[in-house]
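> Pasting work_36.cif below, which is mmCIF, C-alpha atoms.
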```cif
data_input
loop_
_atom_site.group_PDB
_atom_site.id
_atom_site.type_symbol
_atom_site.label_atom_id
_atom_site.label_comp_id
_atom_site.auth_asym_id
_atom_site.auth_seq_id
_atom_site.Cartn_x
_atom_site.Cartn_y
_atom_site.Cartn_z
ATOM 1 C CA MET O 1 156.372 -180.683 -231.041
ATOM 2 C CA PHE O 2 154.983 -177.292 -230.063
ATOM 3 C CA LEU O 3 156.215 -174.964 -227.305
ATOM 4 C CA LEU O 4 153.689 -172.876 -225.393
ATOM 5 C CA LEU O 5 155.365 -170.190 -223.298
ATOM 6 C CA MET O 6 153.410 -169.489 -220.158
ATOM 7 C CA ALA O 7 154.049 -166.912 -217.460
ATOM 8 C CA GLY O 8 157.086 -168.255 -215.654
ATOM 9 C CA HIS O 9 157.441 -171.625 -217.440
ATOM 10 C CA ILE O 10 157.411 -173.431 -220.771
ATOM 11 C CA LYS O 11 154.909 -176.123 -221.612
ATOM 12 C CA ARG O 12 155.678 -178.717 -224.293
ATOM 13 C CA LEU O 13 152.717 -179.980 -226.290
ATOM 14 C CA ALA O 14 152.594 -182.903 -228.691
ATOM 15 C CA PRO O 15 150.588 -182.354 -231.929
ATOM 16 C CA LYS O 16 147.663 -184.326 -230.526
ATOM 17 C CA HIS O 17 147.343 -181.763 -227.761
ATOM 18 C CA TYR O 18 146.411 -178.947 -230.067
ATOM 19 C CA ALA O 19 144.471 -180.916 -232.667
ATOM 20 C CA GLY O 20 141.103 -180.947 -230.933
ATOM 21 C CA GLY O 21 138.833 -178.096 -229.844
ATOM 22 C CA LEU O 22 138.601 -179.422 -226.285
ATOM 23 C CA GLN O 23 142.370 -179.627 -225.930
ATOM 24 C CA ARG O 24 142.784 -176.132 -227.397
ATOM 25 C CA ARG O 25 140.293 -174.811 -224.887
ATOM 26 C CA ARG O 26 142.038 -176.598 -222.023
ATOM 27 C CA THR O 27 145.403 -175.292 -223.191
ATOM 28 C CA LEU O 28 144.099 -171.718 -223.369
ATOM 29 C CA THR O 29 142.509 -172.115 -219.946
ATOM 30 C CA SER O 30 145.785 -173.432 -218.552
ATOM 31 C CA PHE O 31 147.629 -170.519 -220.126
ATOM 32 C CA ILE O 32 145.213 -167.948 -218.682
ATOM 33 C CA GLU O 33 145.314 -169.610 -215.264
ATOM 34 C CA GLY O 34 149.109 -169.621 -215.357
ATOM 35 C CA VAL O 35 149.285 -165.959 -216.268
ATOM 36 C CA PHE O 36 146.639 -165.093 -213.700
ATOM 37 C CA ILE O 37 148.539 -166.856 -210.924
ATOM 38 C CA THR O 38 151.704 -164.935 -211.741
ATOM 39 C CA SER O 39 149.481 -161.833 -212.251
ATOM 40 C CA SER O 40 151.524 -160.454 -215.128
ATOM 41 C CA LEU O 41 151.355 -160.530 -218.911
ATOM 42 C CA ARG O 42 154.492 -158.448 -219.114
ATOM 43 C CA SER O 43 156.981 -161.152 -218.230
ATOM 44 C CA PRO O 44 160.152 -161.488 -220.406
ATOM 45 C CA PHE O 45 158.696 -164.628 -221.994
ATOM 46 C CA ILE O 46 155.555 -162.820 -223.164
ATOM 47 C CA GLN O 47 157.493 -159.779 -224.385
ATOM 48 C CA TRP O 48 159.832 -162.104 -226.302
ATOM 49 C CA ARG O 49 156.850 -163.747 -228.008
ATOM 50 C CA ILE O 50 155.547 -160.334 -229.071
ATOM 51 C CA GLU O 51 158.938 -159.200 -230.413
ATOM 52 C CA CYS O 52 159.384 -162.443 -232.373
ATOM 53 C CA GLY O 53 155.896 -162.188 -233.848
ATOM 54 C CA VAL O 54 154.702 -165.405 -232.201
ATOM 55 C CA LEU O 55 152.099 -163.429 -230.235
ATOM 56 C CA SER O 56 150.567 -160.501 -232.093
ATOM 57 C CA GLN O 57 149.787 -157.212 -230.390
ATOM 58 C CA THR O 58 146.091 -157.851 -231.007
ATOM 59 C CA GLN O 59 146.303 -161.243 -229.308
ATOM 60 C CA PHE O 60 148.204 -159.651 -226.459
ATOM 61 C CA SER O 61 145.576 -156.928 -226.033
ATOM 62 C CA PHE O 62 142.810 -159.531 -226.027
ATOM 63 C CA LEU O 63 144.570 -161.620 -223.390
ATOM 64 C CA ASP O 64 145.361 -158.541 -221.330
ATOM 65 C CA LEU O 65 141.672 -157.519 -221.331
ATOM 66 C CA THR O 66 140.546 -161.086 -220.600
ATOM 67 C CA LEU O 67 142.858 -161.394 -217.640
ATOM 68 C CA CYS O 68 141.920 -157.960 -216.330
ATOM 69 C CA LEU O 69 138.236 -158.913 -216.365
ATOM 70 C CA GLU O 70 139.034 -162.268 -214.778
ATOM 71 C CA ARG O 71 140.953 -160.603 -211.957
ATOM 72 C CA ARG O 72 138.073 -158.185 -211.357
ATOM 73 C CA ARG O 73 135.553 -161.031 -211.373
ATOM 74 C CA ARG O 74 137.537 -163.069 -208.852
ATOM 75 C CA LYS O 75 138.130 -160.069 -206.619
ATOM 76 C CA TYR O 76 134.396 -159.204 -206.768
ATOM 77 C CA ASN O 77 133.335 -162.760 -205.955
ATOM 78 C CA LYS O 78 135.820 -162.956 -203.089
ATOM 79 C CA ASN O 79 134.737 -159.690 -201.492
ATOM 80 C CA ASN O 80 131.018 -159.942 -202.288
ATOM 81 C CA LYS O 81 130.062 -163.565 -201.754
ATOM 82 C CA ASN O 82 126.435 -162.720 -200.979
ATOM 83 C CA ASN O 83 126.145 -159.531 -202.999
ATOM 84 C CA LYS O 84 124.096 -159.775 -206.200
ATOM 85 C CA TYR O 85 123.097 -156.876 -208.310
ATOM 86 C CA MET O 86 120.109 -157.479 -210.575
ATOM 87 C CA PHE O 87 116.897 -159.386 -211.145
ATOM 88 C CA SER O 88 115.382 -161.282 -214.059
ATOM 89 C CA GLY O 89 111.646 -160.773 -213.556
ATOM 90 C CA ILE O 90 111.050 -164.449 -212.778
ATOM 91 C CA VAL O 91 109.037 -164.330 -209.552
ATOM 92 C CA GLU O 92 109.997 -167.011 -207.027
ATOM 93 C CA GLU O 93 106.807 -166.931 -205.002
ATOM 94 C CA MET O 94 104.295 -164.690 -203.257
ATOM 95 C CA ALA O 95 105.179 -163.424 -199.789
ATOM 96 C CA THR O 96 102.444 -162.448 -197.343
ATOM 97 C CA VAL O 97 102.485 -159.083 -195.585
ATOM 98 C CA THR O 98 102.245 -159.775 -191.838
ATOM 99 C CA ALA O 99 102.853 -156.303 -190.392
ATOM 100 C CA ILE O 100 103.161 -152.672 -191.498
ATOM 101 C CA ARG O 101 104.792 -149.962 -189.406
ATOM 102 C CA LYS O 102 104.866 -146.322 -190.470
ATOM 103 C CA TYR O 103 107.358 -143.822 -189.064
ATOM 104 C CA GLN O 104 108.155 -140.388 -190.454
ATOM 105 C CA GLY O 105 108.265 -140.780 -194.237
ATOM 106 C CA ASN O 106 109.189 -144.470 -194.175
ATOM 107 C CA ILE O 107 107.234 -147.705 -193.948
ATOM 108 C CA ASP O 108 108.541 -151.006 -192.571
ATOM 109 C CA PHE O 109 106.991 -154.054 -194.227
ATOM 110 C CA THR O 110 107.241 -157.422 -192.493
ATOM 111 C CA LEU O 111 106.623 -160.418 -194.734
ATOM 112 C CA ARG O 112 106.582 -164.197 -194.555
ATOM 113 C CA CYS O 113 107.880 -166.476 -197.329
ATOM 114 C CA SER O 114 109.431 -169.927 -197.681
ATOM 115 C CA PHE O 115 113.041 -168.772 -198.168
ATOM 116 C CA THR O 116 113.289 -166.436 -195.166
ATOM 117 C CA SER O 117 115.826 -168.773 -193.523
ATOM 118 C CA GLU O 118 118.109 -168.339 -196.553
ATOM 119 C CA LEU O 119 118.100 -164.538 -196.380
ATOM 120 C CA GLY O 120 120.706 -162.352 -194.748
ATOM 121 C CA ILE O 121 120.678 -158.830 -193.392
ATOM 122 C CA ASP O 122 121.475 -156.297 -196.149
ATOM 123 C CA GLN O 123 120.327 -158.701 -198.901
ATOM 124 C CA SER O 124 118.319 -157.333 -201.836
ATOM 125 C CA VAL O 125 114.872 -158.727 -202.623
ATOM 126 C CA ALA O 126 112.420 -157.412 -205.220
ATOM 127 C CA HIS O 127 108.894 -156.795 -203.899
ATOM 128 C CA ASN O 128 106.361 -156.258 -206.698
ATOM 129 C CA GLY O 129 109.418 -155.267 -208.719
ATOM 130 C CA VAL O 130 110.835 -152.847 -206.121
ATOM 131 C CA CYS O 131 114.328 -153.659 -204.874
ATOM 132 C CA LEU O 132 114.309 -153.422 -201.062
ATOM 133 C CA THR O 133 116.950 -154.281 -198.476
ATOM 134 C CA VAL O 134 116.368 -156.840 -195.745
ATOM 135 C CA VAL O 135 116.883 -154.981 -192.450
ATOM 136 C CA ASP O 136 115.652 -157.548 -189.927
ATOM 137 C CA ILE O 137 114.913 -161.282 -189.720
ATOM 138 C CA ASP O 138 112.751 -162.854 -187.035
ATOM 139 C CA GLY O 139 111.949 -166.542 -187.357
ATOM 140 C CA ASP O 140 110.041 -167.104 -190.578
ATOM 141 C CA THR O 141 109.514 -163.395 -191.266
ATOM 142 C CA TYR O 142 111.762 -160.597 -192.483
ATOM 143 C CA THR O 143 111.443 -156.824 -192.629
ATOM 144 C CA THR O 144 112.277 -154.276 -195.313
ATOM 145 C CA THR O 145 112.013 -150.484 -195.361
ATOM 146 C CA ALA O 146 110.568 -148.303 -198.129
ATOM 147 C CA MET O 147 111.271 -144.566 -198.159
ATOM 148 C CA LYS O 148 109.020 -141.785 -199.445
ATOM 149 C CA GLU O 149 110.505 -141.728 -202.972
ATOM 150 C CA THR O 150 109.820 -145.463 -203.323
ATOM 151 C CA LEU O 151 106.300 -145.125 -201.943
ATOM 152 C CA ASP O 152 105.512 -142.241 -204.312
ATOM 153 C CA ARG O 153 106.617 -144.178 -207.395
ATOM 154 C CA SER O 154 105.173 -147.597 -206.553
ATOM 155 C CA ASN O 155 102.101 -149.363 -205.228
ATOM 156 C CA LEU O 156 103.787 -150.426 -201.980
ATOM 157 C CA GLY O 157 102.008 -147.669 -200.066
ATOM 158 C CA LEU O 158 98.697 -149.354 -200.928
ATOM 159 C CA LEU O 159 99.633 -152.678 -199.323
ATOM 160 C CA LYS O 160 97.618 -154.027 -196.386
ATOM 161 C CA VAL O 161 98.291 -156.831 -193.930
ATOM 162 C CA GLY O 162 97.429 -160.117 -195.641
ATOM 163 C CA ASP O 163 98.232 -158.894 -199.164
ATOM 164 C CA LYS O 164 100.338 -161.085 -201.455
ATOM 165 C CA VAL O 165 103.559 -159.610 -202.851
ATOM 166 C CA ASN O 166 105.641 -160.983 -205.721
ATOM 167 C CA VAL O 167 109.187 -161.622 -204.453
ATOM 168 C CA GLU O 168 112.426 -162.456 -206.212
ATOM 169 C CA ARG O 169 115.916 -162.616 -204.801
ATOM 170 C CA SER O 170 118.610 -160.946 -206.870
ATOM 171 C CA MET O 171 120.277 -163.292 -209.325
ATOM 172 C CA LYS O 172 123.861 -164.499 -209.294
ATOM 173 C CA MET O 173 126.299 -163.153 -211.858
ATOM 174 C CA ASN O 174 126.617 -166.646 -213.359
ATOM 175 C CA GLY O 175 122.883 -167.407 -213.252
ATOM 176 C CA ARG O 176 120.483 -167.887 -216.133
ATOM 177 C CA LEU O 177 118.659 -164.804 -217.381
ATOM 178 C CA ASP O 178 115.282 -166.446 -217.971
ATOM 179 C CA GLY O 179 113.382 -163.142 -218.159
ATOM 180 C CA HIS O 180 115.174 -159.902 -218.988
ATOM 181 C CA ILE O 181 117.419 -157.412 -217.195
ATOM 182 C CA VAL O 182 115.391 -155.976 -214.315
ATOM 183 C CA GLN O 183 116.985 -153.428 -211.998
ATOM 184 C CA GLY O 184 114.300 -153.289 -209.349
ATOM 185 C CA HIS O 185 113.944 -149.533 -209.922
ATOM 186 C CA VAL O 186 110.241 -148.981 -210.545
ATOM 187 C CA ASP O 187 109.571 -146.080 -212.924
ATOM 188 C CA GLN O 188 105.894 -145.442 -212.231
ATOM 189 C CA THR O 189 102.549 -147.104 -211.629
ATOM 190 C CA ALA O 190 99.847 -148.116 -214.091
ATOM 191 C CA LYS O 191 96.220 -149.129 -213.728
ATOM 192 C CA CYS O 192 94.593 -152.275 -215.063
ATOM 193 C CA VAL O 193 91.871 -151.084 -217.423
ATOM 194 C CA GLY O 194 90.846 -154.329 -219.069
ATOM 195 C CA MET O 195 90.892 -158.135 -218.852
ATOM 196 C CA GLU O 196 90.069 -160.425 -221.759
ATOM 197 C CA ASP O 197 89.917 -164.200 -221.967
ATOM 198 C CA ALA O 198 92.359 -165.715 -224.469
ATOM 199 C CA ASP O 199 91.118 -169.307 -224.634
ATOM 200 C CA GLY O 200 92.595 -170.326 -221.287
ATOM 201 C CA SER O 201 95.081 -167.498 -220.858
ATOM 202 C CA THR O 202 94.217 -163.873 -220.080
ATOM 203 C CA TYR O 203 95.050 -160.540 -221.694
ATOM 204 C CA PHE O 204 95.561 -157.727 -219.193
ATOM 205 C CA GLU O 205 95.558 -154.143 -220.433
ATOM 206 C CA PHE O 206 97.361 -151.422 -218.480
ATOM 207 C CA GLU O 207 97.230 -147.667 -218.846
ATOM 208 C CA TYR O 208 99.614 -145.057 -217.459
ATOM 209 C CA PRO O 209 99.952 -141.255 -217.749
ATOM 210 C CA PHE O 210 101.749 -140.232 -220.935
ATOM 211 C CA ASP O 211 104.685 -137.864 -220.537
ATOM 212 C CA LYS O 212 106.429 -136.858 -223.770
ATOM 213 C CA ALA O 213 109.637 -135.883 -221.966
ATOM 214 C CA MET O 214 109.776 -139.241 -220.191
ATOM 215 C CA ALA O 215 109.014 -141.104 -223.405
ATOM 216 C CA SER O 216 111.933 -139.348 -225.119
ATOM 217 C CA ARG O 217 114.157 -140.782 -222.385
ATOM 218 C CA GLY O 218 113.095 -144.369 -223.072
ATOM 219 C CA TYR O 219 110.081 -144.691 -220.781
ATOM 220 C CA PHE O 220 107.819 -146.443 -223.281
ATOM 221 C CA THR O 221 106.914 -149.909 -224.553
ATOM 222 C CA VAL O 222 107.385 -151.521 -227.965
ATOM 223 C CA ASP O 223 105.576 -154.446 -229.561
ATOM 224 C CA LYS O 224 107.171 -157.767 -228.539
ATOM 225 C CA GLY O 225 109.507 -155.869 -226.223
ATOM 226 C CA SER O 226 109.952 -156.481 -222.503
ATOM 227 C CA VAL O 227 108.283 -154.749 -219.574
ATOM 228 C CA THR O 228 108.164 -155.536 -215.862
ATOM 229 C CA VAL O 229 104.727 -155.502 -214.224
ATOM 230 C CA ASN O 230 104.716 -156.010 -210.445
ATOM 231 C CA GLY O 231 108.124 -157.633 -210.800
ATOM 232 C CA VAL O 232 107.043 -160.057 -213.539
ATOM 233 C CA SER O 233 108.996 -160.046 -216.817
ATOM 234 C CA LEU O 234 106.404 -159.902 -219.608
ATOM 235 C CA THR O 235 106.168 -159.433 -223.377
ATOM 236 C CA VAL O 236 104.351 -156.366 -224.651
ATOM 237 C CA CYS O 237 101.346 -156.608 -226.973
ATOM 238 C CA GLU O 238 99.536 -153.787 -228.789
ATOM 239 C CA PRO O 239 101.399 -150.831 -227.265
ATOM 240 C CA THR O 240 100.145 -147.253 -227.596
ATOM 241 C CA ASP O 241 101.546 -143.998 -226.251
ATOM 242 C CA ASN O 242 100.097 -144.671 -222.805
ATOM 243 C CA SER O 243 98.949 -148.292 -222.698
ATOM 244 C CA PHE O 244 99.853 -151.866 -223.557
ATOM 245 C CA LYS O 245 98.626 -155.419 -223.131
ATOM 246 C CA VAL O 246 100.308 -158.545 -221.784
ATOM 247 C CA ALA O 247 99.243 -162.179 -222.133
ATOM 248 C CA ILE O 248 99.282 -164.151 -218.874
ATOM 249 C CA ILE O 249 99.322 -167.951 -218.992
ATOM 250 C CA PRO O 250 97.513 -169.908 -216.239
ATOM 251 C CA TYR O 251 100.738 -170.856 -214.427
ATOM 252 C CA THR O 252 101.885 -167.242 -214.144
ATOM 253 C CA ARG O 253 98.459 -166.112 -213.001
ATOM 254 C CA GLU O 254 98.273 -168.810 -210.314
ATOM 255 C CA ASN O 255 101.793 -168.242 -208.966
ATOM 256 C CA THR O 256 101.938 -164.438 -208.894
ATOM 257 C CA ASN O 257 99.605 -161.775 -207.558
ATOM 258 C CA PHE O 258 98.035 -161.567 -211.007
ATOM 259 C CA CYS O 259 95.661 -164.070 -209.383
ATOM 260 C CA ASP O 260 94.138 -161.214 -207.358
ATOM 261 C CA MET O 261 94.342 -158.566 -210.070
ATOM 262 C CA GLN O 262 91.196 -156.974 -211.426
ATOM 263 C CA VAL O 263 90.163 -153.894 -213.365
ATOM 264 C CA GLY O 264 91.230 -150.895 -211.314
ATOM 265 C CA SER O 265 94.233 -152.594 -209.688
ATOM 266 C CA VAL O 266 97.407 -150.480 -209.502
ATOM 267 C CA VAL O 267 100.656 -152.121 -210.603
ATOM 268 C CA ASN O 268 104.330 -151.183 -210.723
ATOM 269 C CA LEU O 269 106.064 -150.636 -214.064
ATOM 270 C CA GLU O 270 109.730 -150.810 -214.934
ATOM 271 C CA PHE O 271 110.480 -150.084 -218.574
ATOM 272 C CA ASP O 272 113.274 -151.944 -220.336
ATOM 273 C CA ILE O 273 116.678 -150.511 -219.390
ATOM 274 C CA LEU O 274 117.986 -151.155 -222.935
ATOM 275 C CA GLY O 275 115.432 -148.716 -224.350
ATOM 276 C CA LYS O 276 116.516 -146.088 -221.830
ATOM 277 C CA TYR O 277 120.179 -146.451 -222.790
ATOM 278 C CA ILE O 278 119.396 -146.263 -226.511
ATOM 279 C CA ALA O 279 117.311 -143.136 -225.954
ATOM 280 C CA ARG O 280 120.120 -141.611 -223.909
ATOM 281 C CA LEU O 281 122.725 -142.435 -226.558
ATOM 282 C CA HIS O 282 120.494 -140.788 -229.156
ATOM 283 C CA ASP O 283 120.860 -137.519 -227.230
ATOM 284 C CA PHE O 284 124.591 -137.578 -227.958
ATOM 285 C CA SER O 285 124.306 -138.504 -231.634
#
```
Written as structure tokens, how would this file's structure read?


Amino acid sequence: MFLLLMAGHIKRLAPKHYAGGLQRRRTLTSFIEGVFITSSLRSPFIQWRIECGVLSQTQFSFLDLTLCLERRRRKYNKNNKNNKYMFSGIVEEMATVTAIRKYQGNIDFTLRCSFTSELGIDQSVAHNGVCLTVVDIDGDTYTTTAMKETLDRSNLGLLKVGDKVNVERSMKMNGRLDGHIVQGHVDQTAKCVGMEDADGSTYFEFEYPFDKAMASRGYFTVDKGSVTVNGVSLTVCEPTDNSFKVAIIPYTRENTNFCDMQVGSVVNLEFDILGKYIARLHDFS
């Protein structure tokens, strides 16, 4: 027989209970749940296990960190049921701009899409890769506001009524990351300077102003790396200091506003956040 001391009680396990991987996982889960419910790893039982060498300090530290993260996750989920924090670059659909209202330095965009009824006020939605907050909902349309900083850095100021916009709701913390980590913070715009048939697919080439200082901070592309173009997570081909290509398959072209893109079109760029962090860390090395 084997005794597993949990927070506040003792659990007796027969050998068969800790022979298999599934049972070990269930036992560990039960242990973590038990400790979480009592909200303390510093009970006399746990301290006794450490003093007797049954539970090493390393194991204790691991469990302490695990439970701390679990408590934070549960508290976050409880207090922020509808609050998500990032995107993946997998566009859900194209929304249609139905109205534009300018006031002072801001612009209100009203759009129509199929999931308007599922939205809530204060929810984040990416529009051509720009994270904007839903400020009003009216029937099958919703409204977002873009301020001057956003308009200066993106192509949203060029939108007209009837234009198609790539939209993506922010992903859940436990969702699949089918694209890559996208913040919805557009870095700058680029211009389409070339289109080339690729036997059914299409190569699009984009060019943007080169800034050495910005490049040193991670604002660049790398071959086979990730980049977000108008909110679409794409793989980089043939990068240079101020340009790169992406290959668009027919499905992506038909279901995003790449369908309307042509030479001269202005797009939003968000460079990979991992490259920015690595560049920043290099400053401290």

> Please evaluate the PyMOL selection byres ((chain O and resi 233) around 7) against the displayed coordinates and give the resulting residues as a list in words.

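Here the PyMOL selection byres ((chain O and resi 233) around 7) matches Gly89, Ile90, Gly179, His180, Ser226, Val227, Thr228, Val229, Gly231, Val232 and Leu234 of chain O.
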
> Would you compute the distance between atom CA of O:Phe204 and atom CA of O:Tyr219? Give it in Å to one decimal.

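Separation between atom CA of O:Phe204 and atom CA of O:Tyr219: 19.6 Å.
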
> Run the PyMOL selection byres ((chain O and resi 239-254) around 8) against the file shown and list the residues it catches, as a VMD selection string.

chain O and resid 200 to 210 220 to 223 234 to 238 255 to 259

> Can I get the selected residues back with C-alpha atoms, as a PDB file, in the frame of the given file?


```pdb
ATOM      1  CA  GLY O 200      92.595-170.326-221.287  1.00  0.00           C
ATOM      2  CA  SER O 201      95.081-167.498-220.858  1.00  0.00           C
ATOM      3  CA  THR O 202      94.217-163.873-220.080  1.00  0.00           C
ATOM      4  CA  TYR O 203      95.050-160.540-221.694  1.00  0.00           C
ATOM      5  CA  PHE O 204      95.561-157.727-219.193  1.00  0.00           C
ATOM      6  CA  GLU O 205      95.558-154.143-220.433  1.00  0.00           C
ATOM      7  CA  PHE O 206      97.361-151.422-218.480  1.00  0.00           C
ATOM      8  CA  GLU O 207      97.230-147.667-218.846  1.00  0.00           C
ATOM      9  CA  TYR O 208      99.614-145.057-217.459  1.00  0.00           C
ATOM     10  CA  PRO O 209      99.952-141.255-217.749  1.00  0.00           C
ATOM     11  CA  PHE O 210     101.749-140.232-220.935  1.00  0.00           C
ATOM     12  CA  PHE O 220     107.819-146.443-223.281  1.00  0.00           C
ATOM     13  CA  THR O 221     106.914-149.909-224.553  1.00  0.00           C
ATOM     14  CA  VAL O 222     107.385-151.521-227.965  1.00  0.00           C
ATOM     15  CA  ASP O 223     105.576-154.446-229.561  1.00  0.00           C
ATOM     16  CA  LEU O 234     106.404-159.902-219.608  1.00  0.00           C
ATOM     17  CA  THR O 235     106.168-159.433-223.377  1.00  0.00           C
ATOM     18  CA  VAL O 236     104.351-156.366-224.651  1.00  0.00           C
ATOM     19  CA  CYS O 237     101.346-156.608-226.973  1.00  0.00           C
ATOM     20  CA  GLU O 238      99.536-153.787-228.789  1.00  0.00           C
ATOM     21  CA  ASN O 255     101.793-168.242-208.966  1.00  0.00           C
ATOM     22  CA  THR O 256     101.938-164.438-208.894  1.00  0.00           C
ATOM     23  CA  ASN O 257      99.605-161.775-207.558  1.00  0.00           C
ATOM     24  CA  PHE O 258      98.035-161.567-211.007  1.00  0.00           C
ATOM     25  CA  CYS O 259      95.661-164.070-209.383  1.00  0.00           C
TER      26      CYS O 259
END
```

> Just give me the gap between atom CA of O:Arg112 and atom CA of O:Ile100 in Å, one decimal is fine.

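Separation between atom CA of O:Arg112 and atom CA of O:Ile100: 12.4 Å.
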
> Show which residues sit within 7 Å of stretch 102-108 of chain O, as a count of residues only. Count all atoms listed in the file, and ignore same-chain residues fewer than 5 positions away.

6

> With distances taken over only C-alpha atoms, which of O:Met86, O:Leu151, O:Val161, O:Cys113 is nearest to O:Asn268?

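Checking each of O:Met86, O:Leu151, O:Val161, O:Cys113 against O:Asn268, counting only C-alpha atoms, the winner is O:Leu151.
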
> Using Å and a single decimal, report how far atom CA of O:Cys131 sits from atom CA of O:Val186.

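Atom CA of O:Cys131 lies at a distance of 8.4 Å from atom CA of O:Val186.
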
> Closest to O:Arg280 among O:Gly162, O:Gly129, O:Gly184, O:Gly218, using only C-alpha atoms?

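Ranking O:Gly162, O:Gly129, O:Gly184, O:Gly218 by distance to O:Arg280, first place goes to O:Gly218.
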
> Take the PyMOL selection byres ((chain O and resi 154) around 9), run it mentally on this structure, and tell me the resulting residues as a list in words.

Asn128, Val130, Glu149, Thr150, Leu151, Asp152, Arg153, Asn155, Leu156, Gly157, Leu158, Val186, Asp187, Gln188, Thr189, Val266, Val267, Asn268 and Leu269 of chain O

> Return the single residue from O:Met261, O:Leu159, O:Ala126, O:Ala190 that is closest to O:Val97, with distances computed using only C-alpha atoms.

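Answer, going by the shortest atom-to-atom distance: O:Leu159.
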
> For O:Asp140, which of O:Leu119, O:Met94, O:Met171, O:Val125 is the closest residue, counting all atoms listed in the file?

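Looking only at the distances to O:Asp140, the closest residue turns out to be O:Leu119.
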
> Which one is closest to O:Asp272: O:Asn166, O:Gln183, O:Ser117, O:Asn174? Count all atoms listed in the file.

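Nearest candidate to O:Asp272 out of O:Asn166, O:Gln183, O:Ser117, O:Asn174: O:Gln183.
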
> Can you work out which one of O:Ser216, O:Asn230, O:Ser265, O:Ser170 has the shortest atom-to-atom distance to O:Phe87, counting all atoms listed in the file?

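Among the listed residues, the smallest separation from O:Phe87 belongs to O:Ser170.
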